[in-house]
Amino acid sequence: MNYSRNDTMNTHEKGDWGEDLAVRYLLSKGYSVVCRKYRSRRGEIDCVAKDPDGTLVFLEVKSARTSKYGNPLTWVTIPKQKTMAKVAMQYMKEHKLSQTPCRFDVIGIIGEKIDHIKNAFMVNWF
């Protein structure tokens, strides 16, 4: 698979490119990928993974070729965080994981530079 990004990619291809790069990064850090592109009627989570310590991690991946429009890490807005929380809750309910520790991470990619923010935001479940 070619991991270089180019200007001829459409939006979905660019997103897939960033997610592929993020998954390779996670695997290199000892994570196991449980699911990619988990969808519910409420939205989508780019990746669900298990941290080597057993924590279930819901990940949003944002990527850009350059920093012209700012750091992709800042693109995970409050509304997106709320959507991720609702989708994550659905995932946990569907898979009977209500007692499993979890967190929300964001991976930002500029070019091929990867920044991984663990516990990027907190969720008040109640």
# chains A, B, ... in the order shown; residues from 1 in each chain; ligands from 1

$ residues_around --residues "Cys47 of chain A" --least-positions-apart "5" --cutoff "8 Å" --atoms "only C-alpha atoms" --output "short mmCIF file (atom, residue, chain, number, x, y, z; two decimals) with N, CA and C atoms, in the first residue's frame"
data_model
loop_
_atom_site.label_atom_id
_atom_site.label_comp_id
_atom_site.auth_asym_id
_atom_site.auth_seq_id
_atom_site.Cartn_x
_atom_site.Cartn_y
_atom_site.Cartn_z
N GLU A 19 -6.26 7.71 8.34
CA GLU A 19 -6.64 6.63 9.25
C GLU A 19 -5.67 5.44 9.11
N VAL A 33 -6.17 -2.98 17.18
CA VAL A 33 -7.29 -2.29 16.56
C VAL A 33 -8.50 -3.21 16.61
N VAL A 34 -9.55 -2.74 17.26
CA VAL A 34 -10.76 -3.51 17.45
C VAL A 34 -11.72 -3.30 16.28
N CYS A 35 -11.80 -2.06 15.83
CA CYS A 35 -12.78 -1.71 14.80
C CYS A 35 -12.35 -0.41 14.13
N ARG A 36 -12.59 -0.33 12.83
CA ARG A 36 -12.40 0.93 12.11
C ARG A 36 -13.74 1.38 11.57
N LYS A 37 -13.93 2.69 11.57
CA LYS A 37 -15.15 3.31 11.04
C LYS A 37 -16.41 2.70 11.65
N TYR A 38 -16.47 2.72 12.96
CA TYR A 38 -17.69 2.24 13.62
C TYR A 38 -18.78 3.27 13.39
N PHE A 58 -11.38 5.28 22.01
CA PHE A 58 -12.15 5.78 20.87
C PHE A 58 -11.33 6.91 20.26
N LEU A 59 -10.99 6.76 18.98
CA LEU A 59 -10.08 7.70 18.33
C LEU A 59 -10.72 8.46 17.19
N GLU A 60 -10.40 9.74 17.15
CA GLU A 60 -10.73 10.58 16.01
C GLU A 60 -9.40 10.92 15.35
#

$ closest_residue --among "A:Ser32, A:Trp75, A:Val57, A:Ile45" --to "Pro101 of chain A" --atoms "only C-alpha atoms"
A:Val57

$ residues_around --residues "Val123 of chain A" --least-positions-apart "4" --cutoff "9 Å" --atoms "only C-alpha atoms" --output "mmCIF file with N, CA and C atoms, in the first residue's frame"
data_model
loop_
_atom_site.group_PDB
_atom_site.id
_atom_site.type_symbol
_atom_site.label_atom_id
_atom_site.label_comp_id
_atom_site.auth_asym_id
_atom_site.auth_seq_id
_atom_site.Cartn_x
_atom_site.Cartn_y
_atom_site.Cartn_z
ATOM 1 N N GLN A 81 -17.053 16.176 19.727
ATOM 2 C CA GLN A 81 -16.803 15.430 20.964
ATOM 3 C C GLN A 81 -18.104 14.837 21.501
ATOM 4 N N LYS A 82 -19.174 15.611 21.468
ATOM 5 C CA LYS A 82 -20.472 15.120 21.943
ATOM 6 C C LYS A 82 -20.969 13.970 21.082
ATOM 7 N N ALA A 85 -19.014 10.870 21.924
ATOM 8 C CA ALA A 85 -19.456 10.310 23.203
ATOM 9 C C ALA A 85 -20.738 9.495 23.023
ATOM 10 N N ARG A 103 -11.366 5.773 27.057
ATOM 11 C CA ARG A 103 -10.960 7.172 26.941
ATOM 12 C C ARG A 103 -11.107 7.605 25.482
ATOM 13 N N PHE A 104 -10.985 8.920 25.275
ATOM 14 C CA PHE A 104 -11.098 9.508 23.943
ATOM 15 C C PHE A 104 -9.756 10.133 23.569
#

$ atom_distance --atom1 "atom CA of Val61 of chain A" --atom2 "atom CA of Gln99 of chain A"
25.3 Å

$ atom_distance --atom1 "atom CA of Met92 of chain A" --atom2 "atom CA of Lys62 of chain A"
23.1 Å

$ closest_residue --among "A:Asn124, A:Arg24, A:Arg41, A:Arg65" --to "Glu112 of chain A" --atoms "only C-alpha atoms"
A:Arg65

$ select_by_dssp --residues "chain A" --states "strand (DSSP E)" --output "VMD selection string"
chain A and resid 32 to 40 43 to 50 56 to 64 102 to 110 113 to 121

$ decode --residues "chain A" --atoms "C-alpha atoms" --output "PDB file, in the first residue's frame"
ATOM      1  CA  MET A   1       0.000   0.000   0.000  1.00  0.00           C
ATOM      2  CA  ASN A   2       1.243   3.460  -0.841  1.00  0.00           C
ATOM      3  CA  TYR A   3       1.375   5.688   2.241  1.00  0.00           C
ATOM      4  CA  SER A   4       2.169   8.929   0.495  1.00  0.00           C
ATOM      5  CA  ARG A   5      -0.610  11.448   0.138  1.00  0.00           C
ATOM      6  CA  ASN A   6      -1.184  13.399  -3.047  1.00  0.00           C
ATOM      7  CA  ASP A   7      -3.389  16.194  -4.338  1.00  0.00           C
ATOM      8  CA  THR A   8      -5.445  13.940  -6.621  1.00  0.00           C
ATOM      9  CA  MET A   9      -7.099  12.116  -3.720  1.00  0.00           C
ATOM     10  CA  ASN A  10     -10.753  12.801  -3.003  1.00  0.00           C
ATOM     11  CA  THR A  11     -11.955  13.586   0.520  1.00  0.00           C
ATOM     12  CA  HIS A  12     -12.663   9.937   1.401  1.00  0.00           C
ATOM     13  CA  GLU A  13      -9.264   8.820   0.121  1.00  0.00           C
ATOM     14  CA  LYS A  14      -7.539  11.533   2.162  1.00  0.00           C
ATOM     15  CA  GLY A  15      -9.439  10.431   5.265  1.00  0.00           C
ATOM     16  CA  ASP A  16      -8.581   6.787   4.625  1.00  0.00           C
ATOM     17  CA  TRP A  17      -4.935   7.737   4.130  1.00  0.00           C
ATOM     18  CA  GLY A  18      -4.823   9.469   7.518  1.00  0.00           C
ATOM     19  CA  GLU A  19      -6.636   6.627   9.248  1.00  0.00           C
ATOM     20  CA  ASP A  20      -4.286   4.045   7.677  1.00  0.00           C
ATOM     21  CA  LEU A  21      -1.291   6.014   8.920  1.00  0.00           C
ATOM     22  CA  ALA A  22      -2.843   6.327  12.403  1.00  0.00           C
ATOM     23  CA  VAL A  23      -3.533   2.575  12.555  1.00  0.00           C
ATOM     24  CA  ARG A  24       0.053   1.762  11.580  1.00  0.00           C
ATOM     25  CA  TYR A  25       1.222   4.129  14.319  1.00  0.00           C
ATOM     26  CA  LEU A  26      -1.073   2.544  16.929  1.00  0.00           C
ATOM     27  CA  LEU A  27       0.019  -0.981  16.015  1.00  0.00           C
ATOM     28  CA  SER A  28       3.671   0.071  16.340  1.00  0.00           C
ATOM     29  CA  LYS A  29       2.879   1.272  19.879  1.00  0.00           C
ATOM     30  CA  GLY A  30       1.363  -2.058  20.923  1.00  0.00           C
ATOM     31  CA  TYR A  31      -2.312  -1.175  20.506  1.00  0.00           C
ATOM     32  CA  SER A  32      -4.719  -3.644  18.969  1.00  0.00           C
ATOM     33  CA  VAL A  33      -7.288  -2.289  16.559  1.00  0.00           C
ATOM     34  CA  VAL A  34     -10.763  -3.512  17.452  1.00  0.00           C
ATOM     35  CA  CYS A  35     -12.779  -1.712  14.801  1.00  0.00           C
ATOM     36  CA  ARG A  36     -12.399   0.929  12.108  1.00  0.00           C
ATOM     37  CA  LYS A  37     -15.152   3.308  11.037  1.00  0.00           C
ATOM     38  CA  TYR A  38     -17.686   2.243  13.616  1.00  0.00           C
ATOM     39  CA  ARG A  39     -21.003   3.716  12.517  1.00  0.00           C
ATOM     40  CA  SER A  40     -24.298   4.156  14.249  1.00  0.00           C
ATOM     41  CA  ARG A  41     -27.284   6.312  13.392  1.00  0.00           C
ATOM     42  CA  ARG A  42     -25.715   8.969  15.633  1.00  0.00           C
ATOM     43  CA  GLY A  43     -22.393   9.243  13.787  1.00  0.00           C
ATOM     44  CA  GLU A  44     -19.026   7.581  13.280  1.00  0.00           C
ATOM     45  CA  ILE A  45     -15.853   6.903  15.227  1.00  0.00           C
ATOM     46  CA  ASP A  46     -12.748   6.550  13.080  1.00  0.00           C
ATOM     47  CA  CYS A  47     -11.117   3.823  15.142  1.00  0.00           C
ATOM     48  CA  VAL A  48     -11.733   1.795  18.282  1.00  0.00           C
ATOM     49  CA  ALA A  49      -8.565   0.299  19.756  1.00  0.00           C
ATOM     50  CA  LYS A  50      -7.247  -1.324  22.908  1.00  0.00           C
ATOM     51  CA  ASP A  51      -4.341   0.352  24.663  1.00  0.00           C
ATOM     52  CA  PRO A  52      -1.697  -2.143  25.820  1.00  0.00           C
ATOM     53  CA  ASP A  53      -2.964  -1.458  29.380  1.00  0.00           C
ATOM     54  CA  GLY A  54      -6.432  -2.756  28.373  1.00  0.00           C
ATOM     55  CA  THR A  55      -8.197   0.610  28.122  1.00  0.00           C
ATOM     56  CA  LEU A  56     -10.700   0.852  25.282  1.00  0.00           C
ATOM     57  CA  VAL A  57      -9.799   3.890  23.167  1.00  0.00           C
ATOM     58  CA  PHE A  58     -12.153   5.776  20.873  1.00  0.00           C
ATOM     59  CA  LEU A  59     -10.080   7.698  18.332  1.00  0.00           C
ATOM     60  CA  GLU A  60     -10.728  10.584  16.014  1.00  0.00           C
ATOM     61  CA  VAL A  61      -8.139  11.039  13.275  1.00  0.00           C
ATOM     62  CA  LYS A  62      -7.630  14.406  11.588  1.00  0.00           C
ATOM     63  CA  SER A  63      -5.059  14.834   8.850  1.00  0.00           C
ATOM     64  CA  ALA A  64      -3.770  17.544   6.549  1.00  0.00           C
ATOM     65  CA  ARG A  65      -1.001  17.844   4.015  1.00  0.00           C
ATOM     66  CA  THR A  66       0.210  21.104   5.576  1.00  0.00           C
ATOM     67  CA  SER A  67      -0.596  23.291   8.564  1.00  0.00           C
ATOM     68  CA  LYS A  68      -2.008  26.014   6.285  1.00  0.00           C
ATOM     69  CA  TYR A  69      -5.424  25.700   7.959  1.00  0.00           C
ATOM     70  CA  GLY A  70      -4.091  25.163  11.472  1.00  0.00           C
ATOM     71  CA  ASN A  71      -3.299  22.127  13.528  1.00  0.00           C
ATOM     72  CA  PRO A  72      -5.692  19.230  12.826  1.00  0.00           C
ATOM     73  CA  LEU A  73      -5.759  18.478  16.560  1.00  0.00           C
ATOM     74  CA  THR A  74      -7.873  21.616  17.024  1.00  0.00           C
ATOM     75  CA  TRP A  75     -10.501  20.449  14.527  1.00  0.00           C
ATOM     76  CA  VAL A  76     -12.223  18.147  17.007  1.00  0.00           C
ATOM     77  CA  THR A  77     -14.890  20.597  18.099  1.00  0.00           C
ATOM     78  CA  ILE A  78     -17.227  20.372  21.096  1.00  0.00           C
ATOM     79  CA  PRO A  79     -20.107  19.163  18.861  1.00  0.00           C
ATOM     80  CA  LYS A  80     -17.815  16.445  17.441  1.00  0.00           C
ATOM     81  CA  GLN A  81     -16.803  15.430  20.964  1.00  0.00           C
ATOM     82  CA  LYS A  82     -20.472  15.120  21.943  1.00  0.00           C
ATOM     83  CA  THR A  83     -21.178  13.010  18.877  1.00  0.00           C
ATOM     84  CA  MET A  84     -18.220  10.760  19.632  1.00  0.00           C
ATOM     85  CA  ALA A  85     -19.456  10.310  23.203  1.00  0.00           C
ATOM     86  CA  LYS A  86     -22.934   9.284  22.011  1.00  0.00           C
ATOM     87  CA  VAL A  87     -21.522   6.864  19.444  1.00  0.00           C
ATOM     88  CA  ALA A  88     -19.059   5.444  21.993  1.00  0.00           C
ATOM     89  CA  MET A  89     -21.897   4.900  24.452  1.00  0.00           C
ATOM     90  CA  GLN A  90     -23.809   3.021  21.749  1.00  0.00           C
ATOM     91  CA  TYR A  91     -20.709   0.926  20.965  1.00  0.00           C
ATOM     92  CA  MET A  92     -20.182   0.028  24.617  1.00  0.00           C
ATOM     93  CA  LYS A  93     -23.847  -0.847  25.098  1.00  0.00           C
ATOM     94  CA  GLU A  94     -23.936  -2.931  21.903  1.00  0.00           C
ATOM     95  CA  HIS A  95     -20.808  -4.870  22.947  1.00  0.00           C
ATOM     96  CA  LYS A  96     -21.752  -5.135  26.659  1.00  0.00           C
ATOM     97  CA  LEU A  97     -18.682  -3.170  27.774  1.00  0.00           C
ATOM     98  CA  SER A  98     -20.287  -0.878  30.338  1.00  0.00           C
ATOM     99  CA  GLN A  99     -17.650  -1.728  32.987  1.00  0.00           C
ATOM    100  CA  THR A 100     -14.670  -1.387  30.639  1.00  0.00           C
ATOM    101  CA  PRO A 101     -12.391   1.613  31.202  1.00  0.00           C
ATOM    102  CA  CYS A 102     -12.293   3.852  28.145  1.00  0.00           C
ATOM    103  CA  ARG A 103     -10.960   7.172  26.941  1.00  0.00           C
ATOM    104  CA  PHE A 104     -11.098   9.508  23.943  1.00  0.00           C
ATOM    105  CA  ASP A 105      -7.919  10.190  21.976  1.00  0.00           C
ATOM    106  CA  VAL A 106      -7.216  12.366  18.965  1.00  0.00           C
ATOM    107  CA  ILE A 107      -4.519  11.726  16.404  1.00  0.00           C
ATOM    108  CA  GLY A 108      -3.464  14.705  14.297  1.00  0.00           C
ATOM    109  CA  ILE A 109      -1.369  14.201  11.188  1.00  0.00           C
ATOM    110  CA  ILE A 110       0.393  16.906   9.207  1.00  0.00           C
ATOM    111  CA  GLY A 111       2.219  15.422   6.250  1.00  0.00           C
ATOM    112  CA  GLU A 112       3.504  12.240   7.859  1.00  0.00           C
ATOM    113  CA  LYS A 113       4.114  13.750  11.317  1.00  0.00           C
ATOM    114  CA  ILE A 114       1.818  12.168  13.889  1.00  0.00           C
ATOM    115  CA  ASP A 115       0.686  13.729  17.167  1.00  0.00           C
ATOM    116  CA  HIS A 116      -1.289  11.498  19.515  1.00  0.00           C
ATOM    117  CA  ILE A 117      -3.194  13.167  22.324  1.00  0.00           C
ATOM    118  CA  LYS A 118      -4.363  10.669  24.929  1.00  0.00           C
ATOM    119  CA  ASN A 119      -7.423  11.691  26.952  1.00  0.00           C
ATOM    120  CA  ALA A 120      -7.964  14.546  24.518  1.00  0.00           C
ATOM    121  CA  PHE A 121     -11.294  15.278  26.150  1.00  0.00           C
ATOM    122  CA  MET A 122     -13.364  13.982  29.024  1.00  0.00           C
ATOM    123  CA  VAL A 123     -16.973  12.864  28.881  1.00  0.00           C
ATOM    124  CA  ASN A 124     -19.549  13.206  31.604  1.00  0.00           C
ATOM    125  CA  TRP A 125     -21.612  10.057  31.019  1.00  0.00           C
ATOM    126  CA  PHE A 126     -24.430  11.138  33.339  1.00  0.00           C
TER     127      PHE A 126
END
